[in-house]
$ cat protein13.txt   # compact mmCIF, C-alpha atoms
# COMPACT_ATOMS: atom_id res chain seq x y z
CA MET L 235 42.60 4.31 10.46
CA SER L 236 41.00 7.17 8.54
CA SER L 237 38.48 4.70 7.16
CA ASP L 238 37.59 3.63 10.73
CA SER L 239 37.14 7.21 11.87
CA ASN L 240 35.05 7.83 8.77
CA ILE L 241 32.77 4.92 9.65
CA ILE L 242 32.40 6.21 13.21
CA LYS L 243 31.59 9.66 11.87
CA GLN L 244 28.95 8.24 9.51
CA ILE L 245 27.35 6.28 12.35
CA TYR L 246 27.43 9.34 14.61
CA ILE L 247 25.84 11.56 11.93
CA ASN L 248 23.05 9.03 11.36
CA ILE L 249 22.33 8.58 15.06
CA ARG L 250 22.31 12.34 15.66
CA LYS L 251 19.88 12.82 12.78
CA ASP L 252 17.52 10.11 14.07
CA LEU L 253 17.62 11.41 17.65
CA THR L 254 16.92 14.98 16.48
CA ILE L 255 13.89 13.71 14.56
CA GLU L 256 12.73 11.69 17.57
CA VAL L 257 13.00 14.67 19.91
CA ARG L 258 11.01 16.83 17.48
CA ARG L 259 8.21 14.29 17.33
CA GLY L 260 7.05 15.23 20.81
CA TYR L 261 3.83 13.21 20.81
CA GLU L 262 5.79 9.98 20.28
CA TYR L 263 7.92 10.23 23.35
CA LEU L 264 4.94 11.49 25.34
CA SER L 265 3.02 8.33 24.40
CA SER L 266 6.10 6.30 25.27
CA LEU L 267 6.27 8.04 28.66
CA ALA L 268 2.57 7.33 29.18
CA PHE L 269 3.22 3.64 28.51
CA ILE L 270 6.13 3.57 30.97
CA ILE L 271 4.16 5.31 33.73
CA ALA L 272 1.06 3.15 33.20
CA SER L 273 3.00 -0.12 33.14
CA SER L 274 5.12 0.77 36.15
CA LEU L 275 1.95 1.71 38.05
CA VAL L 276 0.33 -1.66 37.27
CA ILE L 277 3.43 -3.69 38.05
CA SER L 278 4.24 -1.76 41.22
CA HIS L 279 0.67 -2.37 42.36
CA ILE L 280 1.16 -6.13 41.89
CA ILE L 281 4.52 -6.05 43.63
CA THR L 282 3.28 -4.15 46.66
CA LYS L 283 -0.05 -5.97 46.94
CA PHE L 284 1.41 -9.46 46.75
CA LEU L 285 4.80 -8.55 48.22
CA ARG L 286 6.56 -10.10 45.26
CA VAL L 287 9.71 -7.97 45.00
CA GLU L 288 11.29 -10.66 42.83
CA LEU L 289 8.89 -9.66 40.03
CA PHE L 290 10.65 -6.33 39.76
CA ILE L 291 13.42 -7.40 37.39
CA PRO L 292 11.51 -9.93 35.24
CA SER L 293 8.91 -7.25 34.61
CA LEU L 294 11.69 -5.03 33.33
CA TRP L 295 12.59 -7.57 30.64
CA ILE L 296 8.99 -7.69 29.48
CA ILE L 297 8.89 -3.89 29.36
CA ILE L 298 12.12 -3.86 27.31
CA VAL L 299 10.58 -6.28 24.81
CA PHE L 300 7.55 -3.98 24.47
CA LEU L 301 9.84 -0.96 24.07
CA GLY L 302 11.63 -2.89 21.34
CA ILE L 303 8.30 -3.39 19.56
CA PHE L 304 7.43 0.30 19.80
CA THR L 305 10.81 1.53 18.61
CA THR L 306 10.64 -0.80 15.61
CA TYR L 307 8.18 1.69 14.12
CA SER L 308 10.59 4.61 14.46
CA SER L 309 13.42 2.79 12.69
CA PHE L 310 13.29 1.67 9.03
CA VAL L 311 9.48 1.46 9.03
CA ARG L 312 9.18 5.22 9.51
CA GLU L 313 11.73 5.83 6.76
CA VAL L 314 9.53 3.83 4.38
CA ASP L 315 6.33 5.59 5.48
CA LYS L 316 7.93 8.99 4.94
CA LYS L 317 9.68 7.90 1.69
CA THR L 318 13.02 9.00 3.17
CA ILE L 319 14.20 5.41 2.71
CA TYR L 320 15.03 6.40 -0.88
CA GLY L 321 17.49 8.99 0.44
CA VAL L 322 19.00 6.39 2.77
CA ARG L 323 19.34 3.82 -0.01
CA LEU L 324 20.98 6.34 -2.31
CA LEU L 325 23.68 7.17 0.22
CA PRO L 326 27.18 6.09 -0.77
CA ILE L 327 27.65 4.23 2.50
CA PRO L 328 27.45 0.46 3.02
CA ALA L 329 24.16 -1.06 4.24
CA PRO L 330 25.73 -2.57 7.41
CA ILE L 331 26.73 0.96 8.53
CA ILE L 332 23.14 2.10 8.13
CA PHE L 333 21.91 -0.94 10.03
CA LEU L 334 24.47 -0.40 12.78
CA SER L 335 23.44 3.25 13.11
CA LYS L 336 19.78 2.29 13.42
CA SER L 337 20.57 -0.41 16.00
CA LEU L 338 22.53 2.01 18.17
CA TYR L 339 19.84 4.66 17.84
CA THR L 340 17.22 2.09 18.91
CA TYR L 341 19.51 1.07 21.77
CA ILE L 342 19.69 4.64 23.04
CA LEU L 343 15.88 4.85 22.96
CA VAL L 344 15.26 1.48 24.61
CA PHE L 345 17.96 1.91 27.26
CA THR L 346 16.89 5.44 28.20
CA GLN L 347 13.25 4.38 28.51
CA SER L 348 14.25 1.34 30.60
CA ILE L 349 16.08 3.60 33.01
CA VAL L 350 13.04 5.87 33.21
CA TYR L 351 10.91 2.79 33.89
CA LEU L 352 13.28 1.71 36.68
CA GLY L 353 13.03 5.18 38.18
CA PHE L 354 9.23 5.17 38.19
CA GLN L 355 9.12 1.61 39.46
CA THR L 356 11.37 2.47 42.39
CA LEU L 357 9.26 5.53 43.10
CA PHE L 358 5.90 3.77 42.98
CA THR L 359 6.92 0.74 45.05
CA MET L 360 8.97 2.84 47.49
CA SER L 361 11.37 0.01 46.97
CA THR L 362 14.83 -0.26 48.40
CA LEU L 363 15.78 -2.91 45.87
CA LYS L 364 19.48 -2.89 45.22
CA LEU L 365 20.63 -3.42 41.70
CA SER L 366 23.61 -5.75 41.59
CA MET L 367 26.23 -5.29 38.91
CA ASP L 368 25.04 -8.55 37.33
CA ILE L 369 21.61 -7.04 36.85
CA VAL L 370 23.04 -3.79 35.49
CA TYR L 371 25.23 -5.65 32.99
CA THR L 372 22.32 -7.85 32.01
CA LEU L 373 20.15 -4.78 31.53
CA ILE L 374 22.77 -3.17 29.30
CA ILE L 375 23.30 -6.30 27.20
CA PHE L 376 19.63 -7.31 27.05
CA SER L 377 18.59 -3.82 25.86
CA LEU L 378 21.26 -4.02 23.18
CA ASN L 379 20.03 -7.46 22.17
CA ILE L 380 16.42 -6.30 21.84
CA SER L 381 17.53 -3.17 19.96
CA ILE L 382 19.38 -5.24 17.37
CA ILE L 383 16.34 -7.51 17.02
CA ALA L 384 14.02 -4.48 16.72
CA SER L 385 16.17 -2.85 14.01
CA PHE L 386 16.46 -6.06 12.06
CA THR L 387 12.72 -6.70 12.31
CA SER L 388 12.08 -3.13 11.17
CA ALA L 389 14.29 -3.67 8.11
CA LEU L 390 12.73 -7.07 7.45
CA VAL L 391 9.10 -5.91 7.42
CA MET L 392 9.48 -2.32 6.24
CA TYR L 393 7.80 -2.94 2.88
CA SER L 394 5.25 -5.40 4.23
CA GLU L 395 1.58 -4.46 4.48
CA GLY L 396 1.09 -6.87 7.37
CA ARG L 397 3.78 -5.37 9.55
CA SER L 398 1.44 -4.48 12.45
CA PHE L 399 1.05 -8.21 12.95
CA LEU L 400 4.55 -9.22 11.93
CA ILE L 401 6.54 -6.83 14.15
CA PRO L 402 5.40 -8.10 17.59
CA MET L 403 5.40 -11.70 16.36
CA LEU L 404 8.95 -11.55 14.99
CA ILE L 405 10.32 -9.72 18.02
CA PHE L 406 8.85 -12.34 20.34
CA ILE L 407 10.25 -15.13 18.21
CA PHE L 408 13.73 -13.57 17.96
CA SER L 409 13.87 -12.70 21.66
CA LEU L 410 12.48 -16.01 22.89
CA PRO L 411 15.88 -17.70 23.40
CA ILE L 412 17.28 -14.72 25.27
CA ILE L 413 14.48 -13.86 27.75
CA PRO L 414 14.80 -16.94 30.01
CA LEU L 415 18.56 -16.42 30.15
CA ALA L 416 18.25 -12.76 31.11
CA VAL L 417 15.57 -13.49 33.70
CA ALA L 418 17.60 -16.34 35.19
CA ILE L 419 20.64 -14.12 35.68
CA SER L 420 18.69 -11.35 37.33
CA ASP L 421 16.38 -13.35 39.57
CA PRO L 422 18.14 -14.16 42.85
CA GLU L 423 15.80 -17.13 43.40
CA ILE L 424 17.06 -18.84 40.26
CA PRO L 425 20.65 -19.98 40.58
CA ALA L 426 22.60 -18.57 37.67
CA GLY L 427 25.78 -20.19 36.51
CA PRO L 428 29.00 -18.18 36.48
CA PHE L 429 29.07 -18.21 32.68
CA ASP L 430 25.52 -17.01 32.10
CA LEU L 431 26.39 -13.37 31.65
CA PRO L 432 29.19 -14.09 29.14
CA LEU L 433 26.75 -16.46 27.41
CA LEU L 434 24.21 -13.66 27.11
CA ALA L 435 26.92 -11.34 25.77
CA MET L 436 28.06 -13.99 23.30
CA GLU L 437 24.52 -14.59 22.09
CA THR L 438 24.05 -10.83 21.60
CA PHE L 439 27.32 -10.59 19.71
CA THR L 440 26.39 -13.52 17.43
CA LEU L 441 23.00 -11.97 16.78
CA PHE L 442 24.65 -8.65 15.99
CA ILE L 443 27.08 -10.16 13.49
CA THR L 444 24.40 -12.31 11.81
CA PHE L 445 21.88 -9.49 11.47
CA THR L 446 24.51 -7.00 10.29
CA ILE L 447 25.54 -9.38 7.50
CA LEU L 448 21.90 -10.06 6.58
CA SER L 449 21.06 -6.33 6.59
CA GLU L 450 23.13 -5.99 3.42
CA TYR L 451 20.57 -8.12 1.55
CA LEU L 452 17.54 -6.47 3.16
CA LEU L 453 18.59 -2.92 2.35
CA GLU L 454 19.97 -3.63 -1.08
CA THR L 455 16.85 -5.23 -2.53
CA MET R 211 34.24 8.87 -20.67
CA LEU R 212 30.98 8.19 -18.85
CA LYS R 213 28.59 5.63 -20.26
CA LEU R 214 25.21 4.39 -19.06
CA GLN R 215 23.78 1.24 -20.62
CA LEU R 216 20.33 -0.21 -20.11
CA LEU R 217 20.37 -3.78 -21.35
CA ASP R 218 17.03 -5.46 -22.07
CA ILE R 219 15.16 -4.00 -19.08
CA TRP R 220 11.85 -5.63 -18.26
CA LYS R 221 9.60 -4.86 -15.32
CA LYS R 222 6.39 -6.53 -14.26
CA TYR R 223 3.96 -5.05 -11.74
CA GLY R 224 0.96 -7.05 -10.56
CA GLY R 225 1.00 -9.39 -13.54
CA LYS R 226 1.33 -6.54 -16.06
CA TRP R 227 4.49 -5.72 -17.98
CA VAL R 228 5.30 -2.04 -17.51
CA LEU R 229 8.65 -2.10 -19.28
CA LYS R 230 9.25 -4.51 -22.15
CA GLY R 231 12.88 -4.92 -23.05
CA ILE R 232 14.36 -1.44 -22.99
CA ASP R 233 17.78 -1.14 -24.58
CA PHE R 234 19.34 2.23 -24.30
CA GLU R 235 22.76 3.82 -24.17
CA VAL R 236 23.75 7.31 -23.03
CA SER R 237 27.20 8.88 -23.13
CA GLU R 238 28.89 11.73 -21.36
CA SER R 239 27.44 15.23 -21.88
CA GLU R 240 24.23 13.83 -23.32
CA VAL R 241 20.92 15.15 -22.05
CA ILE R 242 17.93 12.84 -22.45
CA CYS R 243 14.30 13.66 -21.85
CA ILE R 244 11.95 10.73 -21.32
CA TYR R 245 8.46 11.80 -22.21
CA GLY R 246 5.35 9.74 -21.54
CA GLU R 247 1.84 10.00 -20.21
CA ASN R 248 1.05 9.25 -16.58
CA GLY R 249 1.43 5.60 -15.64
CA VAL R 250 3.54 4.49 -18.61
CA GLY R 251 6.52 3.65 -16.37
CA LYS R 252 8.81 6.71 -16.51
CA THR R 253 9.32 6.83 -12.76
CA THR R 254 9.80 3.07 -12.64
CA LEU R 255 12.45 3.31 -15.35
CA LEU R 256 14.22 6.14 -13.53
CA LYS R 257 14.12 4.23 -10.24
CA ILE R 258 15.51 1.16 -11.98
CA ILE R 259 18.39 3.25 -13.33
CA ALA R 260 18.94 4.68 -9.83
CA GLY R 261 18.91 1.16 -8.38
CA LEU R 262 15.87 1.80 -6.20
CA VAL R 263 13.72 -0.74 -8.05
CA THR R 264 15.00 -4.10 -9.22
CA PRO R 265 14.09 -4.94 -12.82
CA THR R 266 12.34 -8.25 -13.42
CA LYS R 267 14.91 -8.88 -16.11
CA GLY R 268 17.83 -6.96 -17.54
CA LYS R 269 20.89 -5.09 -16.42
CA ILE R 270 22.09 -1.52 -15.87
CA LEU R 271 25.73 -0.73 -16.47
CA PHE R 272 27.37 2.53 -15.52
CA ASN R 273 30.93 2.70 -16.80
CA GLY R 274 30.72 -1.06 -17.20
CA GLU R 275 29.81 -1.60 -13.52
CA SER R 276 26.44 -3.05 -12.56
CA SER R 277 26.61 -2.44 -8.82
CA ARG R 278 24.31 0.18 -7.31
CA LYS R 279 26.89 0.83 -4.61
CA TYR R 280 29.23 2.02 -7.36
CA ARG R 281 26.51 4.14 -8.99
CA ASN R 282 25.58 5.74 -5.65
CA ARG R 283 28.95 7.47 -5.56
CA PHE R 284 28.26 9.20 -8.86
CA GLN R 285 24.52 9.65 -9.17
CA GLY R 286 22.23 12.43 -8.06
CA VAL R 287 18.56 11.55 -8.00
CA LEU R 288 15.49 13.74 -7.81
CA LEU R 289 12.31 11.76 -7.21
CA HIS R 290 8.73 12.87 -7.44
CA GLU R 291 8.38 12.23 -3.71
CA ASN R 292 9.96 14.38 -1.02
CA ILE R 293 12.85 12.36 0.38
CA LEU R 294 14.03 14.95 2.90
CA TYR R 295 13.25 14.64 6.60
CA GLU R 296 10.22 16.76 7.44
CA GLU R 297 11.27 17.26 11.05
CA LEU R 298 14.61 18.78 10.03
CA SER R 299 15.19 22.17 8.46
CA VAL R 300 16.37 22.49 4.86
CA GLU R 301 19.81 23.42 6.17
CA GLU R 302 19.97 20.42 8.54
CA ASN R 303 18.90 18.06 5.74
CA ILE R 304 21.47 19.45 3.34
CA ARG R 305 24.18 19.38 6.00
CA TYR R 306 23.32 15.77 6.93
CA TYR R 307 23.51 14.57 3.34
CA SER R 308 26.52 16.68 2.41
CA ILE R 309 28.58 15.16 5.23
CA LEU R 310 27.69 11.65 4.07
CA TYR R 311 28.31 12.61 0.44
CA ARG R 312 31.53 14.32 1.56
CA GLY R 313 30.25 17.60 0.12
CA ASP R 314 31.80 17.35 -3.34
CA GLY R 315 29.18 19.55 -4.93
CA LEU R 316 28.95 22.41 -2.45
CA GLU R 317 29.86 25.07 -5.01
CA LEU R 318 27.11 23.85 -7.31
CA VAL R 319 24.72 23.66 -4.36
CA ASP R 320 25.38 27.30 -3.44
CA ARG R 321 24.60 28.28 -6.98
CA LEU R 322 21.38 26.27 -7.01
CA VAL R 323 20.25 27.66 -3.66
CA GLU R 324 20.75 31.13 -5.10
CA ALA R 325 19.06 30.29 -8.42
CA LEU R 326 16.05 28.68 -6.79
CA GLY R 327 15.69 31.36 -4.11
CA LEU R 328 15.87 28.75 -1.38
CA LYS R 329 17.89 30.91 1.00
CA LYS R 330 14.80 32.44 2.59
CA TYR R 331 13.54 29.01 3.69
CA TRP R 332 16.98 27.69 4.63
CA GLY R 333 16.16 27.48 8.33
CA SER R 334 12.55 26.27 7.91
CA ARG R 335 11.53 22.71 8.61
CA VAL R 336 10.82 20.78 5.43
CA GLY R 337 7.46 19.64 6.83
CA THR R 338 6.24 23.24 6.93
CA LEU R 339 7.14 24.01 3.31
CA SER R 340 4.78 23.98 0.34
CA TYR R 341 5.20 21.44 -2.47
CA GLY R 342 7.17 23.86 -4.65
CA TRP R 343 9.69 24.71 -1.94
CA ARG R 344 10.12 21.08 -0.95
CA LYS R 345 10.79 20.34 -4.58
CA ARG R 346 13.52 22.99 -4.67
CA ALA R 347 15.11 21.59 -1.52
CA ASN R 348 15.05 18.11 -3.10
CA ILE R 349 16.64 19.49 -6.28
CA VAL R 350 19.49 20.94 -4.22
CA LYS R 351 19.90 17.59 -2.45
CA ALA R 352 20.21 15.82 -5.81
CA PHE R 353 23.25 17.93 -6.70
CA LEU R 354 25.09 17.50 -3.38
CA ASN R 355 27.71 15.10 -4.65
CA ASN R 356 28.29 16.95 -7.91
CA PRO R 357 26.74 13.94 -9.71
CA ARG R 358 28.12 12.57 -12.93
CA LEU R 359 24.82 10.79 -13.52
CA LEU R 360 21.86 13.08 -12.96
CA LEU R 361 18.41 11.47 -12.79
CA LEU R 362 15.54 13.92 -12.46
CA ASP R 363 11.93 12.79 -12.23
CA GLU R 364 9.57 15.57 -13.33
CA PRO R 365 12.04 18.27 -12.24
CA PHE R 366 10.04 21.27 -13.48
CA THR R 367 6.65 20.61 -11.89
CA GLY R 368 5.92 22.81 -8.90
CA LEU R 369 8.46 25.47 -9.87
CA ASP R 370 7.37 29.03 -10.57
CA MET R 371 8.55 30.70 -13.77
CA VAL R 372 11.60 32.41 -12.23
CA ALA R 373 12.83 29.25 -10.52
CA TYR R 374 12.10 27.20 -13.65
CA LYS R 375 14.15 29.51 -15.88
CA ASN R 376 17.00 29.75 -13.37
CA PHE R 377 17.08 25.99 -12.95
CA LEU R 378 17.17 25.47 -16.72
CA ARG R 379 20.11 27.87 -16.91
CA VAL R 380 22.00 25.88 -14.26
CA LEU R 381 21.25 22.63 -16.11
CA ALA R 382 22.51 24.14 -19.36
CA ASP R 383 25.70 25.30 -17.63
CA VAL R 384 26.57 22.01 -15.98
CA TYR R 385 25.47 19.35 -18.48
CA LEU R 386 28.99 18.83 -19.82
CA ASP R 387 31.01 16.05 -18.17
CA ARG R 388 27.88 14.32 -16.93
CA ILE R 389 24.86 12.35 -18.11
CA THR R 390 21.51 14.00 -17.53
CA ILE R 391 18.20 12.16 -17.77
CA PHE R 392 14.90 13.82 -16.90
CA THR R 393 11.25 12.94 -17.34
CA ILE R 394 8.25 14.98 -18.41
CA SER R 395 4.65 13.81 -18.54
CA ASN R 396 2.97 16.86 -19.96
CA LEU R 397 3.26 17.63 -23.67
CA GLU R 398 2.86 21.36 -23.12
CA ASN R 399 5.71 21.34 -20.60
CA LEU R 400 7.80 19.36 -23.04
CA TYR R 401 7.33 22.00 -25.74
CA GLN R 402 8.17 24.70 -23.25
CA VAL R 403 11.36 23.01 -22.07
CA TYR R 404 12.32 22.29 -25.68
CA ARG R 405 11.99 25.99 -26.36
CA ASP R 406 13.65 27.25 -23.17
CA LEU R 407 16.54 24.86 -22.57
CA GLU R 408 19.49 26.39 -24.36
CA ILE R 409 21.19 23.12 -25.19
CA ASP R 410 20.40 20.26 -27.54
CA PHE R 411 18.77 17.29 -25.94
CA THR R 412 17.25 14.05 -27.13
CA ILE R 413 13.63 13.19 -26.49
CA ARG R 414 12.47 9.60 -26.16
CA GLU R 415 8.86 8.65 -25.70
CA LEU R 416 7.98 5.83 -23.36
CA ARG R 417 4.94 4.07 -24.74
CA ASP R 418 3.68 0.47 -24.44
CA GLY R 419 6.70 -0.40 -22.30
CA LYS R 420 9.23 0.65 -24.93
CA LEU R 421 11.23 3.75 -25.75
CA HIS R 422 10.39 5.33 -29.09
CA GLU R 423 11.81 8.20 -31.03
CA PHE R 424 9.77 11.29 -30.40
CA ARG R 425 8.48 13.23 -33.38
CA PHE R 426 6.92 16.62 -32.86
CA GLN R 427 4.89 16.45 -36.08
CA HIS R 428 2.74 13.66 -34.63
CA TYR R 429 1.11 16.13 -32.27
$ encode --input "protein13.txt" --output "structure tokens"
Amino acid sequence: MSSDSNIIKQIYINIRKDLTIEVRRGYEYLSSLAFIIASSLVISHIITKFLRVELFIPSLWIIIVFLGIFTTYSSFVREVDKKTIYGVRLLPIPAPIIFLSKSLYTYILVFTQSIVYLGFQTLFTMSTLKLSMDIVYTLIIFSLNISIIASFTSALVMYSEGRSFLIPMLIFIFSLPIIPLAVAISDPEIPAGPFDLPLLAMETFTLFITFTILSEYLLET
Amino acid sequence: MLKLQLLDIWKKYGGKWVLKGIDFEVSESEVICIYGENGVGKTTLLKIIAGLVTPTKGKILFNGESSRKYRNRFQGVLLHENILYEELSVEENIRYYSILYRGDGLELVDRLVEALGLKKYWGSRVGTLSYGWRKRANIVKAFLNNPRLLLLDEPFTGLDMVAYKNFLRVLADVYLDRITIFTISNLENLYQVYRDLEIDFTIRELRDGKLHEFRFQHY
């Protein structure tokens, strides 16, 4: 029990540290905000011009993938650039805990920015689109999925010189199986089976377990 | 009884052997200085001992254990690079690490903060500090877990005379019950430390990928 609470404390301390750093790097979240506003302007223009309200949710998934790519740089990659990775690797805590902390931190970033995107999108399209619980759940799980992928990719390529090319490529490859599933659940035009949401959750869980186990090897070497 | 063993350590970088079969053993309360010119592999050797670089061949044993996870509980490492978060203050960095290290060495840390005069920059962000002050903050970080294995890469560069002397005094006071290994690349600094450090320590010269006995009369 005390070991569990210790793990939770370690994760909390790591996330708090990363979020504090993120908040103090003002230009990064300003550029992220600029991306969200610009993309929601473009997509809302398409939606209103062609009256394609059904594009609203699929566009969100694409935005989440892009947010995943951007946040990859503020995860392990930044630690390597700033040499703070040495401090992380010298910590007497297991590598999966570090990976888990980074994944949750990335999740907070991606999820928050997705919500901001939804807000701007609703504002720009003057839309009255109602979010069903299915879509909300999908959004929560899909963001988590992309965050885990982004953290793993960040750990995988952190020492690579070709990471500018590798990061988007790997995120697209890792997220390829999940995007059609997420879009199918959230698009009312595409009939989604009753088990699709649990399937998405199961896929995310499997990904989480696999990447957490593999993170041990990535962070130890 | 603490014991650190380096067994036949080899390291190759870009087709060139930097370390060529280093065998070395250090026991509790021993202080070792690794001297060598720039680029001979001192930092690489220290990072290999710390588990931050994997040797091409060979093994490190600390108390008979080869796992870095085990060593992480006992070692304190000062690297040449700043490993503290620039966006956080010195205090926030120290607090972050001390929670994760469970703050075993807080008494020692207080003493070091005092000795190095770090108190006046306690609330300043690390990114705004000069090289010398960052170095002091990193020194304090290295002692957070009251390390039994102390690995210090060029610990005296960037320190002014007062901080240097105070730091040497702390090292002399705490060397018992632990293993201390530090590096120096400047011969003049080596002479100075040899003169100023009030305890006996062994000097080894890293040259041509091997550790040699250091003899003052050669210079």
$ residues_near_point --input "protein13.txt" --point "(15.0, 7.4, 16.9)" --cutoff "6 Å" --atoms "all atoms listed in the file" --output "list of chain:residue names"
L:Asp252, L:Leu253, L:Glu256, L:Ser308, L:Tyr339
$ interface_residues --input "protein13.txt" --of "chain R" --to "chain L" --cutoff "6 Å" --atoms "only C-alpha atoms" --output "number ranges by chain"
R: 282-283, 293, 297
$ residues_around --input "protein13.txt" --residues "region 341-348 of chain L" --least-positions-apart "4" --cutoff "9 Å" --atoms "all atoms listed in the file" --output "list in words"
Leu253, Ser266, Leu267, Ile270, Leu294, Ile297, Ile298, Leu301, Gly302, Thr305, Lys336, Ser337, Leu352, Gly353, Leu373, Ile374, Ser377, Leu378, Asn379, Ile380, Ser381 and Ile382 of chain L
$ atom_distance --input "protein13.txt" --atom1 "CA of Val417 (chain L)" --atom2 "CA of Pro292 (chain L)"
5.6 Å
$ closest_residue --input "protein13.txt" --among "L:Val299, L:Ile242, L:Ile332, L:Val391" --to "Arg312 (chain L)" --atoms "only C-alpha atoms"
L:Val391
$ closest_residue --input "protein13.txt" --among "L:Tyr261, L:Phe333, L:Tyr351, L:Phe310" --to "Trp295 (chain L)" --atoms "all atoms listed in the file"
L:Tyr351
$ residues_around --input "protein13.txt" --residues "region 363-378 of chain R" --least-positions-apart "6" --cutoff "6 Å" --atoms "only C-alpha atoms" --output "list in words"
Leu288, Leu289, His290, Ala325, Leu326, Gly342, Phe392, Thr393, Ile394 and Leu407 of chain R
$ closest_residue --input "protein13.txt" --among "R:Lys329, R:Arg417, R:Arg321, R:Lys226" --to "Val380 (chain R)" --atoms "all atoms listed in the file"
R:Arg321
$ closest_residue --input "protein13.txt" --among "R:Arg344, R:Lys269, R:Lys330, R:Lys222" --to "Phe234 (chain R)" --atoms "only C-alpha atoms"
R:Lys269
$ atom_distance --input "protein13.txt" --atom1 "CA of Ile391 (chain R)" --atom2 "CA of Leu361 (chain R)"
5.0 Å
$ closest_residue --input "protein13.txt" --among "L:Thr306, L:Ser239, L:Thr282, L:Ser449" --to "Leu400 (chain L)" --atoms "only C-alpha atoms"
L:Thr306
$ closest_residue --input "protein13.txt" --among "R:Leu421, R:Ile270, R:Ala347, R:Val228" --to "Trp332 (chain R)" --atoms "all atoms listed in the file"
R:Ala347
$ residues_around --input "protein13.txt" --residues "Leu404 (chain L)" --least-positions-apart "6" --cutoff "12 Å" --atoms "only C-alpha atoms" --output "short mmCIF file (atom, residue, chain, number, x, y, z; two decimals) with C-alpha atoms, in the coordinates of the input"
data_model
loop_
_atom_site.label_atom_id
_atom_site.label_comp_id
_atom_site.auth_asym_id
_atom_site.auth_seq_id
_atom_site.Cartn_x
_atom_site.Cartn_y
_atom_site.Cartn_z
CA VAL L 299 10.58 -6.28 24.81
CA GLY L 302 11.63 -2.89 21.34
CA ILE L 303 8.30 -3.39 19.56
CA THR L 306 10.64 -0.80 15.61
CA ILE L 380 16.42 -6.30 21.84
CA ILE L 383 16.34 -7.51 17.02
CA ALA L 384 14.02 -4.48 16.72
CA SER L 385 16.17 -2.85 14.01
CA PHE L 386 16.46 -6.06 12.06
CA THR L 387 12.72 -6.70 12.31
CA SER L 388 12.08 -3.13 11.17
CA ALA L 389 14.29 -3.67 8.11
CA LEU L 390 12.73 -7.07 7.45
CA VAL L 391 9.10 -5.91 7.42
CA GLY L 396 1.09 -6.87 7.37
CA ARG L 397 3.78 -5.37 9.55
CA SER L 398 1.44 -4.48 12.45
CA LEU L 410 12.48 -16.01 22.89
#
$ residues_near_point --input "protein13.txt" --point "(13.0, -3.1, -21.9)" --cutoff "6 Å" --atoms "all atoms listed in the file" --output "ChimeraX atom specification"
/R:218-220,229-233
$ atom_distance --input "protein13.txt" --atom1 "CA of Ile443 (chain L)" --atom2 "CA of Phe376 (chain L)"
15.7 Å
